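In what follows, a single structure is set out as structure tokens and then discussed.
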Number of protein chains: 2
Amino acid sequence: METAARRQRDLRQRETLFLDRARKFLLSHGYHGLTMDRIAQATGYSRGTIYQHFRSKEDIIVALINRGMAQRLSMIERAAGFQGRTRERMQAVGEAVDLFMRLYRDDARVAYLGNAEAVMQKASEASLNTMKGLLHQTTAIATGIVREAIEVGDLTLKPPATPEILIFNLWAITEEGHASGMMWTPPSELGVSNPLDAVINGCEMLCDGYGWRPLSHECNYSAARQRILGEIFPEESRKLGILDADWRGRRKNRVVSN
Amino acid sequence: METAARRQRDLRQRETLFLDRARKFLLSHGYHGLTMDRIAQATGYSRGTIYQHFRSKEDIIVALINRGMAQRLSMIERAAGFQGRTRERMQAVGEAVDLFMRLYRDDARVAYLGNAEAVMQKASEASLNTMKGLLHQTTAIATGIVREAIEVGDLTLKPPATPEILIFNLWAITEEGHASGMMWTPPSELGVSNPLDAVINGCEMLCDGYGWRPLSHECNYSAARQRILGEIFPEESRKLGILDADWRGRRKNRVVSN
DNA sequence: CTCATCCTATGACACAGTGTCAGAATTTGT
DNA sequence: ACAAATTCTGACACTGTGTCATAGGATGAG
């Protein structure tokens with residue numbers, strides 16, 4: 001019986017439709033501008049039908065966040081496979097997040113808007129757990145790289161620092177820095193013209209502070225960036241026009257082996 | 001006519017009453033648990049009266065946040081007056097934030113809960129501006145210290161770093177780190193047992209990364225912490241029991257002059 | 001003390017949105 | 001073609017918001 005499969009597919013399709021419309025309202029009119037009525041109106045279904053997919057409007061928001069986080073996770077996974085020194089692999093992960101922010105601005109914005117107690121409080125246990133899982137997977141990759149760095153001898157953590165704490169702080173810079181780009185008070189008002197660059201700078205300096213070798217003055221991390229973009233995210237970076245056309249020609253700039 | 005003055009005082013007093021009750025509900029039942037009805041009930045006034053003080057429930061939340069931010073700012077201002085090397089003064093500012101987090105847990109939590117688009121969207125222009133002002137004053141103090149560090153020669157920023165970017169990242173670690181302590185997914189689940197310590201560690205490493213002298217291995221910043229607590233926040237730290245009883249005896253550990 | 005004036009407090013009201021559920025509508029299998 | 005199963009619907013009961021005409025209580029002058 002094939003009908004069941006098709007129905008399943010239809011359901012998924014409709015769920016996607018709901019999510020897409022919801023995102024539109026959330027982005028254009030904020031939390032209070034997103035209502036079940038509007039989604040129903042915009043999709044041609046009735047309110048009741050939406051409730052067959054989601055427990056509440058907050059549940060929709062979390063589902064939306066999860067969709068974005070899954071996308072980001074897949075990019076991070078790809079990045080973690082970069083061939084290079086441990087610190088470069090960490091950099092690749094950062095680059096993945098950066099690309100995600102630029103390429104999927106809407107999803108990033110949704111994540112920012114939805115990251116609120118008002119939302120979490122009313123979301124379903126299920127979607128909250130999915131979210132938690134996604135988050136754990138993401139940090140696991142990052143701490144994995146740190147552990148490897150320690151094993152390989154690129155990094156020596158002095159107490160009370162631990163791999164988790166390092167990632168915790170790296171993550172804080174990244175998240176907060178990116179979030180600030182969408183806040184009520186734009187970072188430009190605080191004298192930071194380009195938060196994305198500020199994040200990169202902060203991560204680099206933090207890694208330097210922890211003594212993660214090679215330090216930024218021992219290695220050309222701008223060149224490493226071009227390699228990462230070219231090898232792992234060629235399409236994405238071309239789409240954004242942030243990859244030097246002749247990056248291959250720059251390979252000589254490659255990091256010197258220890 | 002003294003009546004006017006007294007009335008003014010009564011109004012303020014009532015406003016405080018509203019805010020206190022509101023905070024109670026916000027903390028215990030979250031955003032959706034805070035309603036005008038409940039506040040009215042709890043204070044013995046009617047809904048209409050509350051609307052004479054605040055435009056909306058979100059406006060109350062922002063007013064609550066502002067109260068906390070003002071308190072924190074005053075502690076930061078005190079800290080910035082610490083006598084010592086520039087980096088120690090920066091540390092003092094961090095210490096002030098840390099103390100604020102411990103001493104005024106409720107206000108800190110309110111700031112976390114209220115930091116959401118859902119709230120800002122409906123808050124009044126006026127309270128939002130107050131908030132912005134408070135934020136600017138806070139960052140101004142911090143960047144001021146960085147600038148002085150550069151002037152004095154304790155710090156040399158390499159492009160693209162700027163005082164604002166340094167503060168931006170330092171701030172990110174502090175805010176996000178502290179916020180994580182109240183999140184839906186506790187930091188302990190991510191392997192960080194004590195986020196407050198993680199923040200301190202992160203700030204220290206970041207400053208080291210930027211080359212802010214004296215670096216952490218050139219100076220005993222734990223000792224500096226005791227001096228800061230003892231000189232600037234004696235009461236506060238005694239209340240928390242985080243000041244060594246004999247901190248004065250440790251003065252010999254003082255930072256060596258360059 | 002009384003009354004006119006002014007101001008503040010009140011809660012009923014109109015409205016918007018949520019989540020549910022009995023029954024209508026549609027699809028499926030025979 | 002029809003009964004059974006499944007899915008969709010919108011009216012319903014609620015909760016909460018923000019407003020406003022009016023009740024109620026000060027205040028000050030006579």
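In the structure tokens, each chain is lettered A, B, ... as it comes, each chain's residues begin at 1, and ligands are numbered from 1 in order of appearance.
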
*Can you check which residues of chain B have any atom within 9 Å of chain A? Use only C-alpha atoms and format it as a PyMOL selection string.*
chain B and resi 30-32+112-118+120-122+132+136+139-140+160-166+168-177+183-185+187+189-192+195+197-199+201-211

Quick one: which residues from chain B are at most 9 Å off chain D, using only C-alpha atoms (C1' of nucleotides), as a PDB file with N, CA and C atoms, in the first residue's frame?
ATOM      1  N   THR B  35       0.675  38.956  34.434  1.00  0.00           N
ATOM      2  CA  THR B  35      -0.471  39.621  33.804  1.00  0.00           C
ATOM      3  C   THR B  35      -0.869  40.837  34.627  1.00  0.00           C
ATOM      4  N   MET B  36      -1.473  41.787  33.949  1.00  0.00           N
ATOM      5  CA  MET B  36      -1.910  43.010  34.611  1.00  0.00           C
ATOM      6  C   MET B  36      -2.896  42.666  35.725  1.00  0.00           C
ATOM      7  N   ASP B  37      -3.767  41.733  35.442  1.00  0.00           N
ATOM      8  CA  ASP B  37      -4.750  41.318  36.442  1.00  0.00           C
ATOM      9  C   ASP B  37      -4.082  40.891  37.740  1.00  0.00           C
ATOM     10  N   GLY B  48      -6.676  49.599  35.539  1.00  0.00           N
ATOM     11  CA  GLY B  48      -6.578  50.941  34.979  1.00  0.00           C
ATOM     12  C   GLY B  48      -5.485  51.774  35.627  1.00  0.00           C
ATOM     13  N   TYR B  51      -2.094  51.129  34.327  1.00  0.00           N
ATOM     14  CA  TYR B  51      -1.858  51.711  33.006  1.00  0.00           C
ATOM     15  C   TYR B  51      -1.545  53.202  33.091  1.00  0.00           C
ATOM     16  N   ARG B  55       2.739  51.780  29.988  1.00  0.00           N
ATOM     17  CA  ARG B  55       1.958  51.630  28.774  1.00  0.00           C
ATOM     18  C   ARG B  55       1.470  50.201  28.552  1.00  0.00           C
ATOM     19  N   SER B  56       2.255  49.254  28.975  1.00  0.00           N
ATOM     20  CA  SER B  56       1.919  47.851  28.717  1.00  0.00           C
ATOM     21  C   SER B  56       2.685  46.960  29.676  1.00  0.00           C
TER      22      SER B  56
END

*Can you pull out every residue within 7 Å of segment 58-73 of chain A, counting only C-alpha atoms (C1' of nucleotides), but drop anything in the same chain fewer than 6 positions away, and send it as a PyMOL selection string?*
chain A and resi 19+97+100+107+110-111+114+119+122-124+127+131+134+138

Using only C-alpha atoms (C1' of nucleotides), find each residue in chain B having at least one atom no more than 12 Å away from chain C; report its shortest atom-to-atom pair and that distance in Å (one decimal), rows by chain then rising number, as JSON lines.
{"residue": "B:Arg7", "atom": "CA", "partner": "C:DT8", "partner_atom": "C1'", "distance": 11.3}
{"residue": "B:Leu11", "atom": "CA", "partner": "C:DT8", "partner_atom": "C1'", "distance": 11.4}
{"residue": "B:Asp37", "atom": "CA", "partner": "C:DG11", "partner_atom": "C1'", "distance": 11.6}
{"residue": "B:Ala40", "atom": "CA", "partner": "C:DT10", "partner_atom": "C1'", "distance": 11.5}
{"residue": "B:Gly44", "atom": "CA", "partner": "C:DA9", "partner_atom": "C1'", "distance": 11.4}
{"residue": "B:Tyr45", "atom": "CA", "partner": "C:DA9", "partner_atom": "C1'", "distance": 8.2}
{"residue": "B:Ser46", "atom": "CA", "partner": "C:DT10", "partner_atom": "C1'", "distance": 6.4}
{"residue": "B:Arg47", "atom": "CA", "partner": "C:DT10", "partner_atom": "C1'", "distance": 8.2}
{"residue": "B:Gly48", "atom": "CA", "partner": "C:DT10", "partner_atom": "C1'", "distance": 6.9}
{"residue": "B:Thr49", "atom": "CA", "partner": "C:DA9", "partner_atom": "C1'", "distance": 6.3}
{"residue": "B:Ile50", "atom": "CA", "partner": "C:DA9", "partner_atom": "C1'", "distance": 10.0}
{"residue": "B:Tyr51", "atom": "CA", "partner": "C:DA9", "partner_atom": "C1'", "distance": 11.0}
{"residue": "B:Gln52", "atom": "CA", "partner": "C:DT8", "partner_atom": "C1'", "distance": 9.8}

*Check segment 12-208 of chain A with DSSP on the backbone and list each residue it calls alpha helix (DSSP H), as a PyMOL selection string.*
chain A and resi 12-33+36-43+47-50+57-80+86-103+105-114+117-120+125-152+163-180+195-208

Export of prior selection with C-alpha atoms as a CSV table (one decimal), in the first residue's frame:
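Ended up saving to part_7.csv:
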chain,number,residue,atom,x,y,z
A,12,ARG,CA,5.5,16.8,5.6
A,13,GLN,CA,5.0,19.1,2.7
A,14,ARG,CA,2.2,20.8,4.5
A,15,GLU,CA,4.2,21.1,7.6
A,16,THR,CA,6.9,22.8,5.6
A,17,LEU,CA,4.3,25.1,4.1
A,18,PHE,CA,3.1,26.1,7.6
A,19,LEU,CA,6.7,26.7,8.7
A,20,ASP,CA,7.6,28.8,5.8
A,21,ARG,CA,4.6,31.0,6.2
A,22,ALA,CA,5.1,31.3,9.9
A,23,ARG,CA,8.7,32.3,9.4
A,24,LYS,CA,7.5,35.1,7.0
A,25,PHE,CA,5.2,36.6,9.6
A,26,LEU,CA,7.7,36.1,12.4
A,27,LEU,CA,10.4,38.0,10.5
A,28,SER,CA,8.2,40.7,9.2
A,29,HIS,CA,6.0,41.4,12.3
A,30,GLY,CA,7.8,39.8,15.2
A,31,TYR,CA,6.6,37.5,17.9
A,32,HIS,CA,3.2,39.2,18.4
A,33,GLY,CA,2.7,39.5,14.7
A,36,MET,CA,-2.4,31.0,14.1
A,37,ASP,CA,-5.1,32.9,12.3
A,38,ARG,CA,-2.7,34.6,9.9
A,39,ILE,CA,-0.9,31.3,9.1
A,40,ALA,CA,-4.2,29.7,8.5
A,41,GLN,CA,-5.3,32.5,6.2
A,42,ALA,CA,-2.0,32.5,4.3
A,43,THR,CA,-1.9,28.7,3.8
A,47,ARG,CA,-6.6,26.9,12.5
A,48,GLY,CA,-7.6,23.4,13.6
A,49,THR,CA,-5.4,21.8,11.0
A,50,ILE,CA,-2.3,23.6,12.1
A,57,LYS,CA,2.5,28.9,18.1
A,58,GLU,CA,5.6,28.7,20.2
A,59,ASP,CA,6.0,25.1,19.1
A,60,ILE,CA,6.1,26.4,15.5
A,61,ILE,CA,8.9,28.8,16.4
A,62,VAL,CA,11.0,26.1,18.0
A,63,ALA,CA,10.4,23.9,15.1
A,64,LEU,CA,11.6,26.7,12.9
A,65,ILE,CA,14.7,27.2,15.1
A,66,ASN,CA,15.4,23.4,14.9
A,67,ARG,CA,15.2,23.5,11.1
A,68,GLY,CA,17.9,26.2,11.1
A,69,MET,CA,20.0,24.5,13.7
A,70,ALA,CA,20.0,21.2,11.7
A,71,GLN,CA,21.2,23.1,8.6
A,72,ARG,CA,23.9,24.8,10.6
A,73,LEU,CA,25.0,21.5,12.2
A,74,SER,CA,25.4,19.9,8.8
A,75,MET,CA,27.6,22.8,7.7
A,76,ILE,CA,29.6,22.5,10.9
A,77,GLU,CA,30.0,18.7,10.3
A,78,ARG,CA,31.4,19.4,6.9
A,79,ALA,CA,33.8,22.0,8.2
A,80,ALA,CA,35.1,19.7,11.0
A,86,THR,CA,43.6,21.5,14.8
A,87,ARG,CA,43.3,25.2,15.2
A,88,GLU,CA,42.5,25.5,11.5
A,89,ARG,CA,39.7,23.0,11.9
A,90,MET,CA,38.3,25.0,14.7
A,91,GLN,CA,38.6,28.0,12.4
A,92,ALA,CA,36.7,26.0,9.8
A,93,VAL,CA,33.9,25.5,12.2
A,94,GLY,CA,33.7,29.2,12.9
A,95,GLU,CA,33.7,29.8,9.2
A,96,ALA,CA,30.8,27.4,8.8
A,97,VAL,CA,28.8,29.4,11.4
A,98,ASP,CA,29.8,32.6,9.7
A,99,LEU,CA,28.6,31.3,6.3
A,100,PHE,CA,25.4,30.1,7.8
A,101,MET,CA,24.7,33.5,9.2
A,102,ARG,CA,25.2,35.2,5.8
A,103,LEU,CA,23.6,32.5,3.7
A,105,ARG,CA,20.0,35.2,7.4
A,106,ASP,CA,16.3,34.5,7.9
A,107,ASP,CA,16.9,31.3,9.8
A,108,ALA,CA,19.5,33.1,11.9
A,109,ARG,CA,17.1,35.8,12.7
A,110,VAL,CA,14.4,33.4,13.6
A,111,ALA,CA,16.8,31.8,16.0
A,112,TYR,CA,17.5,35.1,17.6
A,113,LEU,CA,13.8,36.1,17.8
A,114,GLY,CA,12.8,32.7,19.2
A,117,GLU,CA,11.8,32.3,27.7
A,118,ALA,CA,8.4,33.4,26.5
A,119,VAL,CA,8.8,30.9,23.6
A,120,MET,CA,10.5,28.1,25.4
A,125,GLU,CA,8.7,18.9,25.3
A,126,ALA,CA,9.4,17.0,22.1
A,127,SER,CA,10.7,20.0,20.0
A,128,LEU,CA,12.6,21.3,23.0
A,129,ASN,CA,14.4,17.9,23.2
A,130,THR,CA,15.2,18.0,19.6
A,131,MET,CA,16.7,21.4,20.1
A,132,LYS,CA,18.8,20.2,23.0
A,133,GLY,CA,20.0,17.3,21.0
A,134,LEU,CA,21.0,19.5,18.1
A,135,LEU,CA,22.9,21.8,20.5
A,136,HIS,CA,24.7,18.9,22.1
A,137,GLN,CA,25.8,17.5,18.8
A,138,THR,CA,27.2,20.9,17.8
A,139,THR,CA,29.2,21.5,20.9
A,140,ALA,CA,30.4,17.9,20.9
A,141,ILE,CA,32.1,18.5,17.5
A,142,ALA,CA,33.8,21.6,18.9
A,143,THR,CA,35.0,20.1,22.1
A,144,GLY,CA,36.2,17.1,20.1
A,145,ILE,CA,38.5,19.3,18.1
A,146,VAL,CA,39.8,20.9,21.3
A,147,ARG,CA,40.5,17.5,22.8
A,148,GLU,CA,42.4,16.5,19.7
A,149,ALA,CA,44.4,19.7,19.9
A,150,ILE,CA,45.4,18.7,23.4
A,151,GLU,CA,46.4,15.2,22.4
A,152,VAL,CA,48.4,16.4,19.4
A,163,PRO,CA,37.9,22.0,26.7
A,164,GLU,CA,34.3,22.7,27.6
A,165,ILE,CA,35.1,26.1,29.1
A,166,LEU,CA,37.2,27.0,26.0
A,167,ILE,CA,34.3,26.2,23.8
A,168,PHE,CA,31.8,27.8,26.1
A,169,ASN,CA,33.7,31.1,25.7
A,170,LEU,CA,34.3,30.7,22.0
A,171,TRP,CA,30.7,30.0,21.6
A,172,ALA,CA,29.7,33.0,23.6
A,173,ILE,CA,31.6,35.3,21.4
A,174,THR,CA,30.2,33.8,18.3
A,175,GLU,CA,26.5,33.7,19.4
A,176,GLU,CA,26.4,37.0,21.1
A,177,GLY,CA,28.3,38.7,18.4
A,178,HIS,CA,26.0,37.4,15.7
A,179,ALA,CA,22.9,38.0,17.7
A,180,SER,CA,23.9,41.6,18.3
A,195,PRO,CA,30.1,42.5,14.1
A,196,LEU,CA,31.0,39.5,11.9
A,197,ASP,CA,34.6,40.7,11.7
A,198,ALA,CA,34.6,41.5,15.4
A,199,VAL,CA,33.6,37.9,16.1
A,200,ILE,CA,36.4,36.5,13.9
A,201,ASN,CA,38.9,38.8,15.7
A,202,GLY,CA,37.6,37.8,19.1
A,203,CYS,CA,37.8,34.1,18.4
A,204,GLU,CA,41.3,34.4,17.1
A,205,MET,CA,42.4,36.4,20.1
A,206,LEU,CA,40.7,34.0,22.5
A,207,CYS,CA,42.5,31.0,21.0
A,208,ASP,CA,45.8,33.0,21.1

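Going from atom CA of Asn220 of chain A to atom CA of Arg85 of chain A covers 12.5 Å.
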